[in-house]
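Visitor: This is start_3.cif, which holds mmCIF, C-alpha atoms and all ligand atoms:
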data_start
loop_
_atom_site.label_atom_id
_atom_site.label_comp_id
_atom_site.auth_asym_id
_atom_site.auth_seq_id
_atom_site.Cartn_x
_atom_site.Cartn_y
_atom_site.Cartn_z
CA MET A 1 75.18 111.36 106.09
CA SER A 2 78.13 109.05 105.45
CA THR A 3 81.41 109.65 107.22
CA LEU A 4 84.83 109.10 105.70
CA LYS A 5 87.11 107.01 107.91
CA ILE A 6 90.80 107.85 107.67
CA ALA A 7 93.61 105.98 109.44
CA ILE A 8 96.70 107.81 110.55
CA GLN A 9 99.64 106.57 112.60
CA LYS A 10 98.98 106.67 116.35
CA SER A 11 102.53 107.64 117.27
CA GLY A 12 105.83 107.63 115.42
CA ARG A 13 107.41 109.17 112.38
CA LEU A 14 104.19 109.86 110.44
CA ASN A 15 101.93 111.08 113.24
CA GLU A 16 102.66 114.82 113.50
CA ASP A 17 102.88 115.52 109.76
CA SER A 18 99.66 113.55 109.17
CA ILE A 19 97.78 115.65 111.74
CA GLN A 20 99.33 118.82 110.32
CA ILE A 21 98.23 118.14 106.76
CA LEU A 22 94.63 117.57 107.88
CA LYS A 23 94.80 120.83 109.86
CA ASP A 24 96.17 122.66 106.83
CA CYS A 25 93.14 121.34 104.92
CA GLY A 26 91.01 123.29 107.38
CA ILE A 27 89.85 120.18 109.23
CA SER A 28 89.42 120.49 113.00
CA ILE A 29 89.77 117.22 114.84
CA ASN A 30 88.26 116.96 118.31
CA ASN A 31 90.23 115.25 121.11
CA GLY A 32 93.63 115.30 119.38
CA ASN A 33 95.25 111.87 119.48
CA ASP A 34 94.53 111.10 123.13
CA GLN A 35 91.83 108.70 121.96
CA LEU A 36 92.00 106.02 119.30
CA LYS A 37 89.11 107.57 117.41
CA ALA A 38 88.19 111.21 116.88
CA GLU A 39 85.64 113.10 114.79
CA ALA A 40 86.21 116.21 112.74
CA SER A 41 83.84 119.02 113.66
CA ASN A 42 83.69 120.62 110.20
CA PHE A 43 84.15 117.74 107.71
CA PRO A 44 82.41 114.34 107.49
CA LEU A 45 85.57 112.64 108.73
CA GLU A 46 86.46 110.19 111.48
CA VAL A 47 90.14 109.75 112.31
CA LEU A 48 91.38 106.36 113.56
CA TYR A 49 94.80 106.34 115.23
CA LEU A 50 96.49 103.03 114.36
CA ARG A 51 99.87 101.33 114.03
CA ASN A 52 101.42 102.12 110.66
CA SER A 53 102.13 98.42 110.11
CA ASP A 54 98.45 97.49 110.67
CA ILE A 55 97.09 100.07 108.25
CA PRO A 56 97.44 98.11 104.95
CA GLN A 57 95.21 95.30 106.29
CA TYR A 58 92.57 97.78 107.51
CA LEU A 59 92.48 99.27 104.01
CA ILE A 60 92.21 95.83 102.37
CA ASP A 61 89.32 94.90 104.70
CA GLY A 62 87.56 98.23 104.20
CA VAL A 63 87.63 98.95 107.94
CA VAL A 64 88.98 102.36 106.93
CA ASP A 65 88.38 104.13 103.61
CA LEU A 66 91.57 106.10 103.46
CA ALA A 67 94.95 106.21 105.21
CA ILE A 68 98.15 108.13 105.51
CA VAL A 69 100.78 105.43 105.51
CA GLY A 70 104.44 104.86 104.58
CA ASP A 71 104.56 103.68 100.97
CA ASN A 72 107.11 101.01 101.99
CA LEU A 73 104.41 99.37 104.12
CA LEU A 74 102.12 99.10 101.09
CA VAL A 75 104.94 97.43 99.16
CA GLU A 76 105.31 95.01 102.08
CA LYS A 77 101.66 94.33 102.91
CA GLY A 78 99.33 96.04 100.46
CA LYS A 79 100.54 95.57 96.89
CA HIS A 80 97.11 96.20 95.33
CA ILE A 81 96.13 99.21 97.38
CA GLU A 82 95.80 102.35 95.31
CA VAL A 83 97.93 105.37 96.17
CA ILE A 84 96.09 108.55 95.22
CA GLN A 85 98.61 111.12 96.41
CA LYS A 86 102.24 111.25 97.50
CA LEU A 87 102.51 113.55 100.50
CA GLY A 88 106.16 114.62 100.47
CA PHE A 89 107.09 113.81 104.08
CA SER A 90 108.74 110.84 105.88
CA LYS A 91 111.03 110.27 102.93
CA CYS A 92 113.32 107.29 103.41
CA LYS A 93 114.80 104.25 101.70
CA VAL A 94 114.52 100.53 102.38
CA SER A 95 118.07 99.29 101.95
CA VAL A 96 120.34 96.31 102.33
CA ALA A 97 123.22 96.94 104.78
CA VAL A 98 126.17 94.80 105.80
CA PRO A 99 128.83 95.08 108.54
CA LYS A 100 131.67 97.39 107.50
CA THR A 101 134.04 94.42 107.60
CA PHE A 102 131.94 92.39 105.09
CA GLU A 103 133.70 92.20 101.71
CA TYR A 104 130.69 93.04 99.58
CA ASN A 105 130.91 93.05 95.79
CA SER A 106 127.42 92.21 94.61
CA ILE A 107 124.05 90.97 95.85
CA GLN A 108 125.17 87.39 95.03
CA ASP A 109 127.50 87.63 98.05
CA LEU A 110 124.42 87.45 100.31
CA ALA A 111 122.96 84.23 98.79
CA GLY A 112 121.92 81.80 101.54
CA LEU A 113 122.95 84.16 104.35
CA ARG A 114 120.84 85.34 107.30
CA ILE A 115 119.05 88.66 106.77
CA ALA A 116 117.33 90.42 109.69
CA THR A 117 114.39 92.63 108.74
CA SER A 118 110.89 93.85 109.60
CA TYR A 119 109.95 93.59 105.92
CA PRO A 120 110.10 89.87 104.96
CA ASN A 121 107.97 90.09 101.80
CA THR A 122 110.01 92.98 100.43
CA VAL A 123 113.24 91.08 101.13
CA ASN A 124 111.96 87.84 99.60
CA GLU A 125 110.76 89.53 96.47
CA TYR A 126 114.00 91.50 96.08
CA PHE A 127 116.28 88.47 96.40
CA ASN A 128 113.96 86.34 94.24
CA SER A 129 114.27 88.92 91.47
CA PHE A 130 117.99 87.99 91.35
CA GLY A 131 117.17 84.27 91.54
CA LEU A 132 118.60 84.15 95.07
CA SER A 133 117.17 82.87 98.34
CA VAL A 134 118.14 84.06 101.82
CA ASP A 135 117.40 83.02 105.38
CA ILE A 136 115.07 85.73 106.71
CA HIS A 137 114.96 86.54 110.43
CA GLN A 138 111.92 88.70 111.02
CA ILE A 139 112.20 91.15 113.92
CA SER A 140 109.95 94.10 114.65
CA GLY A 141 112.49 96.76 115.63
CA SER A 142 116.12 97.66 116.36
CA VAL A 143 117.05 95.66 113.29
CA GLU A 144 120.45 97.35 113.00
CA ILE A 145 121.67 95.57 116.15
CA ALA A 146 121.19 92.10 114.63
CA PRO A 147 124.60 91.64 112.96
CA ASN A 148 126.40 92.87 116.12
CA ILE A 149 124.72 90.25 118.30
CA GLY A 150 125.29 87.41 115.86
CA LEU A 151 121.65 87.13 114.80
CA ALA A 152 122.22 87.92 111.13
CA ASP A 153 124.88 88.50 108.47
CA ALA A 154 123.12 91.49 106.93
CA ILE A 155 119.95 93.55 107.36
CA VAL A 156 117.21 95.17 105.34
CA ASP A 157 115.76 98.24 107.05
CA ILE A 158 114.80 101.87 106.70
CA VAL A 159 117.59 104.33 106.04
CA SER A 160 117.18 108.08 106.15
CA SER A 161 120.24 110.06 107.32
CA GLY A 162 122.29 106.84 107.63
CA SER A 163 123.28 107.64 111.21
CA THR A 164 121.73 104.48 112.69
CA LEU A 165 123.73 102.36 110.23
CA PHE A 166 126.89 104.33 111.03
CA LYS A 167 126.44 103.94 114.81
CA ASN A 168 126.07 100.18 114.36
CA ASN A 169 129.11 99.75 112.10
CA LEU A 170 127.00 98.93 109.08
CA ARG A 171 127.06 100.27 105.53
CA GLU A 172 124.32 100.53 102.93
CA VAL A 173 125.09 98.39 99.88
CA GLU A 174 121.79 98.29 97.94
CA VAL A 175 118.67 100.47 97.86
CA ILE A 176 115.60 98.26 97.40
CA LEU A 177 113.06 101.09 97.23
CA LYS A 178 112.39 104.72 98.04
CA SER A 179 109.42 105.62 100.20
CA GLU A 180 107.44 108.58 101.51
CA ALA A 181 104.10 109.09 103.22
CA VAL A 182 101.19 108.55 100.83
CA LEU A 183 97.43 108.84 100.80
CA ALA A 184 96.09 105.35 100.11
CA VAL A 185 92.51 104.29 99.45
CA SER A 186 90.61 101.10 100.30
CA PRO A 187 89.34 99.01 97.36
CA LYS A 188 85.95 98.88 99.13
CA VAL A 189 84.79 102.53 99.15
CA SER A 190 81.22 103.41 98.19
CA PRO A 191 80.42 106.16 95.63
CA GLU A 192 79.19 108.41 98.44
CA ILE A 193 82.47 108.04 100.35
CA GLN A 194 84.39 108.51 97.09
CA LYS A 195 82.93 112.04 96.86
CA HIS A 196 84.35 112.92 100.28
CA ILE A 197 87.70 111.42 99.24
CA ASP A 198 87.74 113.60 96.12
CA THR A 199 87.03 116.71 98.22
CA LEU A 200 89.77 115.87 100.71
CA LYS A 201 92.26 115.01 97.94
CA PHE A 202 91.54 118.35 96.25
CA ARG A 203 92.28 120.18 99.50
CA ILE A 204 95.45 118.19 100.13
CA GLN A 205 96.71 118.96 96.63
CA SER A 206 96.11 122.69 97.22
CA VAL A 207 98.07 122.48 100.48
CA LEU A 208 100.98 120.57 98.88
CA ARG A 209 101.16 122.94 95.92
CA ALA A 210 101.34 125.89 98.33
CA ARG A 211 104.05 124.18 100.41
CA ASN A 212 106.16 123.76 97.28
CA SER A 213 105.74 127.32 96.03
CA LYS A 214 106.55 130.93 96.97
CA TYR A 215 104.82 134.14 95.97
CA ILE A 216 107.32 136.59 94.52
CA LEU A 217 106.89 140.30 93.82
CA MET A 218 109.40 142.88 92.59
CA ASN A 219 109.80 146.28 91.02
CA VAL A 220 110.84 146.20 87.37
CA PRO A 221 111.60 148.92 84.79
CA ASN A 222 108.90 148.63 82.11
CA ASP A 223 111.39 147.91 79.32
CA LYS A 224 112.63 144.84 81.26
CA ILE A 225 109.25 143.18 81.87
CA ASP A 226 109.50 140.85 78.85
CA GLU A 227 112.97 139.66 79.88
CA ILE A 228 111.82 139.14 83.49
CA GLY A 229 108.76 137.25 82.20
CA LYS A 230 111.01 134.72 80.48
CA ILE A 231 112.83 133.97 83.76
CA LEU A 232 109.63 133.44 85.79
CA PRO A 233 107.69 130.22 85.36
CA VAL A 234 104.07 131.38 85.64
CA LEU A 235 100.70 129.77 86.26
CA ARG A 236 98.93 131.69 83.48
CA SER A 237 100.58 135.04 82.88
CA LEU A 238 102.48 137.55 84.97
CA THR A 239 100.57 140.03 87.09
CA VAL A 240 101.91 143.49 86.21
CA LEU A 241 100.73 146.58 88.13
CA PRO A 242 101.93 150.15 87.40
CA LEU A 243 103.94 151.85 90.16
CA ALA A 244 103.45 155.51 91.11
CA GLN A 245 106.97 156.10 89.80
CA GLU A 246 106.83 156.62 86.04
CA GLY A 247 108.38 153.84 83.90
CA TRP A 248 108.28 151.15 86.64
CA SER A 249 105.90 148.28 87.42
CA SER A 250 105.31 145.80 90.21
CA VAL A 251 105.56 142.25 88.81
CA HIS A 252 104.02 139.31 90.73
CA SER A 253 104.38 135.58 90.17
CA VAL A 254 104.61 132.17 91.83
CA ILE A 255 107.88 130.21 91.82
CA ASP A 256 109.09 126.81 92.95
CA LYS A 257 110.47 126.93 96.51
CA ASP A 258 113.49 124.77 95.62
CA THR A 259 114.70 126.95 92.76
CA PHE A 260 113.88 130.43 93.99
CA TRP A 261 117.47 131.42 94.89
CA ASP A 262 118.63 130.64 91.34
CA VAL A 263 115.69 132.56 89.91
CA ILE A 264 116.34 135.54 92.18
CA ASP A 265 119.95 135.90 90.98
CA LYS A 266 118.74 135.94 87.38
CA LEU A 267 115.99 138.46 88.20
CA LYS A 268 118.50 140.84 89.82
CA GLU A 269 120.80 140.58 86.82
CA ALA A 270 117.85 141.39 84.56
CA GLY A 271 117.11 144.61 86.51
CA ALA A 272 114.50 143.63 89.13
CA GLU A 273 114.63 145.54 92.44
CA GLY A 274 112.96 145.29 95.86
CA ILE A 275 112.24 141.57 95.48
CA LEU A 276 109.87 140.11 98.10
CA VAL A 277 109.37 136.35 98.53
CA CYS A 278 106.35 135.28 100.63
CA PRO A 279 104.90 131.95 101.75
CA ILE A 280 101.61 130.84 100.19
CA GLU A 281 98.83 129.59 102.45
CA LYS A 282 96.83 127.61 99.84
CA MET A 283 97.08 127.28 96.09
CA VAL A 284 93.79 126.31 94.43
CA LEU A 285 93.93 125.65 90.70
N1 LIG A 301 114.20 107.57 109.92
C1 LIG A 301 113.16 107.78 109.14
N2 LIG A 301 113.12 108.86 108.32
C2 LIG A 301 112.07 109.08 107.51
N3 LIG A 301 111.00 108.25 107.45
C3 LIG A 301 110.99 107.18 108.23
C4 LIG A 301 112.06 106.89 109.13
N4 LIG A 301 111.77 105.76 109.79
C5 LIG A 301 110.58 105.36 109.34
N5 LIG A 301 110.10 106.19 108.40
C6 LIG A 301 108.82 106.11 107.66
O1 LIG A 301 107.78 106.27 108.61
C7 LIG A 301 106.99 105.08 108.71
C8 LIG A 301 106.66 104.86 110.17
O2 LIG A 301 107.84 104.58 110.89
P1 LIG A 301 107.83 104.45 112.48
O3 LIG A 301 109.17 104.06 112.89
O4 LIG A 301 107.23 105.66 113.09
O5 LIG A 301 106.76 103.33 112.75
P2 LIG A 301 106.81 101.79 112.61
O6 LIG A 301 107.62 101.26 113.71
O7 LIG A 301 107.19 101.39 111.20
O8 LIG A 301 105.28 101.49 112.69
P3 LIG A 301 104.18 101.29 113.81
O9 LIG A 301 103.28 102.52 113.76
O10 LIG A 301 103.49 100.08 113.29
O11 LIG A 301 104.84 101.12 115.14
C9 LIG A 301 107.84 103.98 108.08
O12 LIG A 301 107.04 102.97 107.53
C10 LIG A 301 108.59 104.74 107.01
O13 LIG A 301 107.77 104.90 105.87
O1 LIG A 302 119.03 106.61 108.76
P1 LIG A 302 118.46 107.17 110.04
O2 LIG A 302 118.19 108.64 109.92
O3 LIG A 302 119.30 106.84 111.23
O4 LIG A 302 117.00 106.53 110.25
C1 LIG A 302 116.81 105.15 110.19
C2 LIG A 302 116.21 104.62 111.44
O5 LIG A 302 114.95 105.26 111.68
C3 LIG A 302 113.97 104.27 111.94
O6 LIG A 302 113.93 103.92 113.27
P2 LIG A 302 113.16 104.78 114.38
O7 LIG A 302 114.03 105.89 114.85
O8 LIG A 302 111.84 105.20 113.82
O9 LIG A 302 113.00 103.77 115.56
P3 LIG A 302 112.17 102.41 115.65
O10 LIG A 302 113.12 101.33 115.22
O11 LIG A 302 111.80 102.33 117.08
O12 LIG A 302 110.99 102.52 114.74
C4 LIG A 302 114.45 103.06 111.14
O13 LIG A 302 113.91 101.86 111.62
C5 LIG A 302 115.94 103.14 111.27
O14 LIG A 302 116.38 102.44 112.40
MG MG A 303 110.79 103.13 113.06
#
Could you spell out this file's structure in structure tokens?

Guide:
Amino acid sequence: MSTLKIAIQKSGRLNEDSIQILKDCGISINNGNDQLKAEASNFPLEVLYLRNSDIPQYLIDGVVDLAIVGDNLLVEKGKHIEVIQKLGFSKCKVSVAVPKTFEYNSIQDLAGLRIATSYPNTVNEYFNSFGLSVDIHQISGSVEIAPNIGLADAIVDIVSSGSTLFKNNLREVEVILKSEAVLAVSPKVSPEIQKHIDTLKFRIQSVLRARNSKYILMNVPNDKIDEIGKILPVLRSLTVLPLAQEGWSSVHSVIDKDTFWDVIDKLKEAGAEGILVCPIEKMVL
């Protein structure tokens, strides 16, 4: 039987969340990440632990069928690789930053200057889109130090909280792109492998849906059920079960995890009592 080969980052920002999402899909991986290759015991899956920056080329070559990779790396090195699912973790930006003392008004101010970055193609393409050229200094890490040591006038690098920029007396002046971890597929997969990919993608989507949702249940006077129903966004229709106490029901639904506090206030105002909000393990549609 064919085995699906998936690449995940060996160590770094994506590693733990990548392993976690496979676990949440019910996949048990033998050997953890102590080895560079490991097999799943209950899914036709082989996990290859690789450098994030090498993953786009492995996908292009068909050495792996699937990968969890930072979307920014695909922009840099894998333009034509298909993304089949955004995964919602490792969210960051790729931004232009300059020293705080730099009098920056527009991108034109950087024309012809030295830009330090680990993402030369992204930088080139960005400046070209404004009809500008810059002098790119490619370095593989600690990019934020470059202006302080006289290596560059500005940088293009990953920004998340902004604290690395702040510590190095830099400020973000342009956001080139926004990125997160994605599930990306090789252009060379066979139909048999594609079936495994579809199965895994279905599981991942059920996990992500559950992560983004909460199960909510509450006691509601029967004459308020319609009003409560209008507040709750539902999958199909509300689940309503009679309570032992005459005139009351237990109402169940699923709500978005980011908006549940707003919804709860409205539910209380509308007469709901004893509201319980619970995590959801999986959500299969
Ligand atoms: N501070 C951050 N916050 C959120 N996401 C980040 C952050 N830094 C990097 N990322 C995302 O995680 C990916 C991996 O970053 P990380 O620093 O772990 O590895 P790397 O140095 O880019 O790659 P390699 O595995 O090749 O050494 C990046 O491509 C980006 O998508
Ligand atoms: O805006 P912040 O929250 O400060 O995050 C941004 C920093 O995070 C990443 O580096 P990382 O810590 O992964 O170190 P690395 O350079 O060794 O990859 C990135 O290269 C930035 O330097
Ligand atoms: Mg990094």

Visitor: Report as AutoDock Vina command-line options the centre and the edge lengths, in Å to one decimal, of the axis-aligned box holding every listed atom of ligand LIG 301 (chain A), padded by 6 Å on each side.

Guide:
--center_x 108.7 --center_y 104.6 --center_z 110.5 --size_x 22.9 --size_y 21.0 --size_z 21.3

Visitor: Using only C-alpha atoms and all ligand atoms, determine which residues fall within 10 Å of ligand LIG 301 (chain A), then list them as a ChimeraX atom specification.

Guide: /A:8-15,49-55,68-74,76,89-94,118-119,140-142,157-164,178-182

Visitor: May I have the residues within 6 Å of stretch 274-284 of chain A as a list in words, using only C-alpha atoms and disregarding those fewer than 5 positions away in the same chain?

Guide: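 Contacts, with the query itself left out: Ser206, Val207, Arg209, Ala210, Lys214, Tyr215, Ile216, Leu217, Met218 and Asn219 of chain A.
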
Visitor: Skipping near chain neighbours, those fewer than 4 positions away, what residues fall within 7 Å of A:Arg114 using only C-alpha atoms, listed as a list in words?

Guide: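 After dropping sequence-adjacent residues, the list is Val134, Asp135, Ile136, His137, Ala152, Asp153 and Ala154 of chain A.
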
Visitor: List the spatial neighbours of stretch 186-200 of chain A as a list in words - criterion: any atom at most 8 Å away, all atoms listed in the file, same-chain residues fewer than 4 positions off excluded.

Guide: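 Contacts, in chain order: Ser2, Thr3, Leu4, Cys25, Pro44, Leu59, Ile60, Asp61, Gly62, Val64, Asp65, Leu66, Ile81, Glu82 and Ile204 of chain A.
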
Visitor: Have a look at A:Gln20, A:Arg203, A:Phe102, A:Gly131 and name the one nearest to A:Phe43; count all atoms listed in the file.

Guide: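 Ranking A:Gln20, A:Arg203, A:Phe102, A:Gly131 by distance to A:Phe43, first place goes to A:Arg203.
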
Visitor: Any idea what the distance is between atom CA of A:Ile255 and atom CA of A:Asp24?

Guide: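 We find that atom CA of A:Ile255 and atom CA of A:Asp24 lie 20.5 Å from each other.
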
Visitor: Report the distance between atom CA of A:Val123 and atom CA of A:Ser95 in Å, rounded to one decimal place.

Guide: 9.6 Å

Visitor: I want to know what sits within 9 Å of A:Val47, based on all atoms listed in the file, with residues of the same chain fewer than 5 positions away left out; could you give that as number ranges by chain?

Guide: A: 4-8, 29, 36-40

Visitor: Check the smallest atom-to-atom distance from each of A:Val143, A:Met1, A:Leu177, A:Ile84 to ligand MG 303 (chain A) using only C-alpha atoms and all ligand atoms, then report the winner.

Guide: A:Val143

Visitor: Please report the interatomic distance between atom CA of A:Leu45 and atom O8 of ligand LIG 302 (chain A) in Å with one decimal.

Guide: 27.8 Å

Visitor: Could you give me, as a count of residues only, the residues within 9 Å of A:Lys257, counting only C-alpha atoms and dropping anything in the same chain fewer than 4 positions from it?

Guide: 5

Visitor: Closest to ligand MG 303 (chain A) among A:Ile228, A:Ile107, A:Thr117, A:Asn42, using all atoms listed in the file?

Guide: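 Comparing A:Ile228, A:Ile107, A:Thr117, A:Asn42 against ligand MG 303 (chain A), the winner is A:Thr117.
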
Visitor: Name the closest residue to ligand MG 303 (chain A) among the candidates A:Glu174, A:Asp265, A:Asp256, A:Glu144; distances are taken between atoms, counting all atoms listed in the file.

Guide: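 Checking each of A:Glu174, A:Asp265, A:Asp256, A:Glu144 against ligand MG 303 (chain A), counting all atoms listed in the file, the winner is A:Glu144.
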
Visitor: Just add N, CA and C atoms to stretch 73-89 of chain A and send it as a JSON list (two decimals), keeping the file's coordinate frame.

Guide:
[["chain", "number", "residue", "atom", "x", "y", "z"],
["A", 73, "LEU", "N", 105.30, 100.35, 103.48],
["A", 73, "LEU", "CA", 104.41, 99.37, 104.12],
["A", 73, "LEU", "C", 103.41, 98.79, 103.11],
["A", 74, "LEU", "N", 103.03, 99.60, 102.13],
["A", 74, "LEU", "CA", 102.12, 99.10, 101.09],
["A", 74, "LEU", "C", 102.87, 98.10, 100.20],
["A", 75, "VAL", "N", 104.13, 98.37, 99.94],
["A", 75, "VAL", "CA", 104.94, 97.43, 99.16],
["A", 75, "VAL", "C", 105.03, 96.10, 99.93],
["A", 76, "GLU", "N", 105.16, 96.20, 101.25],
["A", 76, "GLU", "CA", 105.31, 95.01, 102.08],
["A", 76, "GLU", "C", 103.99, 94.25, 102.24],
["A", 77, "LYS", "N", 102.91, 95.00, 102.49],
["A", 77, "LYS", "CA", 101.66, 94.33, 102.91],
["A", 77, "LYS", "C", 100.42, 94.70, 102.11],
["A", 78, "GLY", "N", 100.56, 95.58, 101.14],
["A", 78, "GLY", "CA", 99.33, 96.04, 100.46],
["A", 78, "GLY", "C", 99.57, 96.34, 99.00],
["A", 79, "LYS", "N", 100.14, 95.39, 98.31],
["A", 79, "LYS", "CA", 100.54, 95.57, 96.89],
["A", 79, "LYS", "C", 99.43, 96.17, 96.02],
["A", 80, "HIS", "N", 98.16, 95.78, 96.26],
["A", 80, "HIS", "CA", 97.11, 96.20, 95.33],
["A", 80, "HIS", "C", 96.33, 97.41, 95.82],
["A", 81, "ILE", "N", 96.82, 98.02, 96.88],
["A", 81, "ILE", "CA", 96.13, 99.21, 97.38],
["A", 81, "ILE", "C", 96.54, 100.42, 96.55],
["A", 82, "GLU", "N", 95.52, 101.21, 96.19],
["A", 82, "GLU", "CA", 95.80, 102.35, 95.31],
["A", 82, "GLU", "C", 96.32, 103.55, 96.10],
["A", 83, "VAL", "N", 97.40, 104.13, 95.59],
["A", 83, "VAL", "CA", 97.93, 105.37, 96.17],
["A", 83, "VAL", "C", 97.37, 106.52, 95.35],
["A", 84, "ILE", "N", 96.67, 107.46, 96.01],
["A", 84, "ILE", "CA", 96.09, 108.55, 95.22],
["A", 84, "ILE", "C", 96.88, 109.85, 95.34],
["A", 85, "GLN", "N", 97.80, 109.90, 96.30],
["A", 85, "GLN", "CA", 98.61, 111.12, 96.41],
["A", 85, "GLN", "C", 99.87, 110.87, 97.22],
["A", 86, "LYS", "N", 101.02, 111.26, 96.69],
["A", 86, "LYS", "CA", 102.24, 111.25, 97.50],
["A", 86, "LYS", "C", 102.21, 112.51, 98.34],
["A", 87, "LEU", "N", 102.70, 112.42, 99.59],
["A", 87, "LEU", "CA", 102.51, 113.55, 100.50],
["A", 87, "LEU", "C", 103.79, 114.33, 100.82],
["A", 88, "GLY", "N", 104.93, 113.82, 100.36],
["A", 88, "GLY", "CA", 106.16, 114.62, 100.47],
["A", 88, "GLY", "C", 106.84, 114.64, 101.82],
["A", 89, "PHE", "N", 106.37, 113.88, 102.81],
["A", 89, "PHE", "CA", 107.09, 113.81, 104.08],
["A", 89, "PHE", "C", 107.45, 112.35, 104.42]]
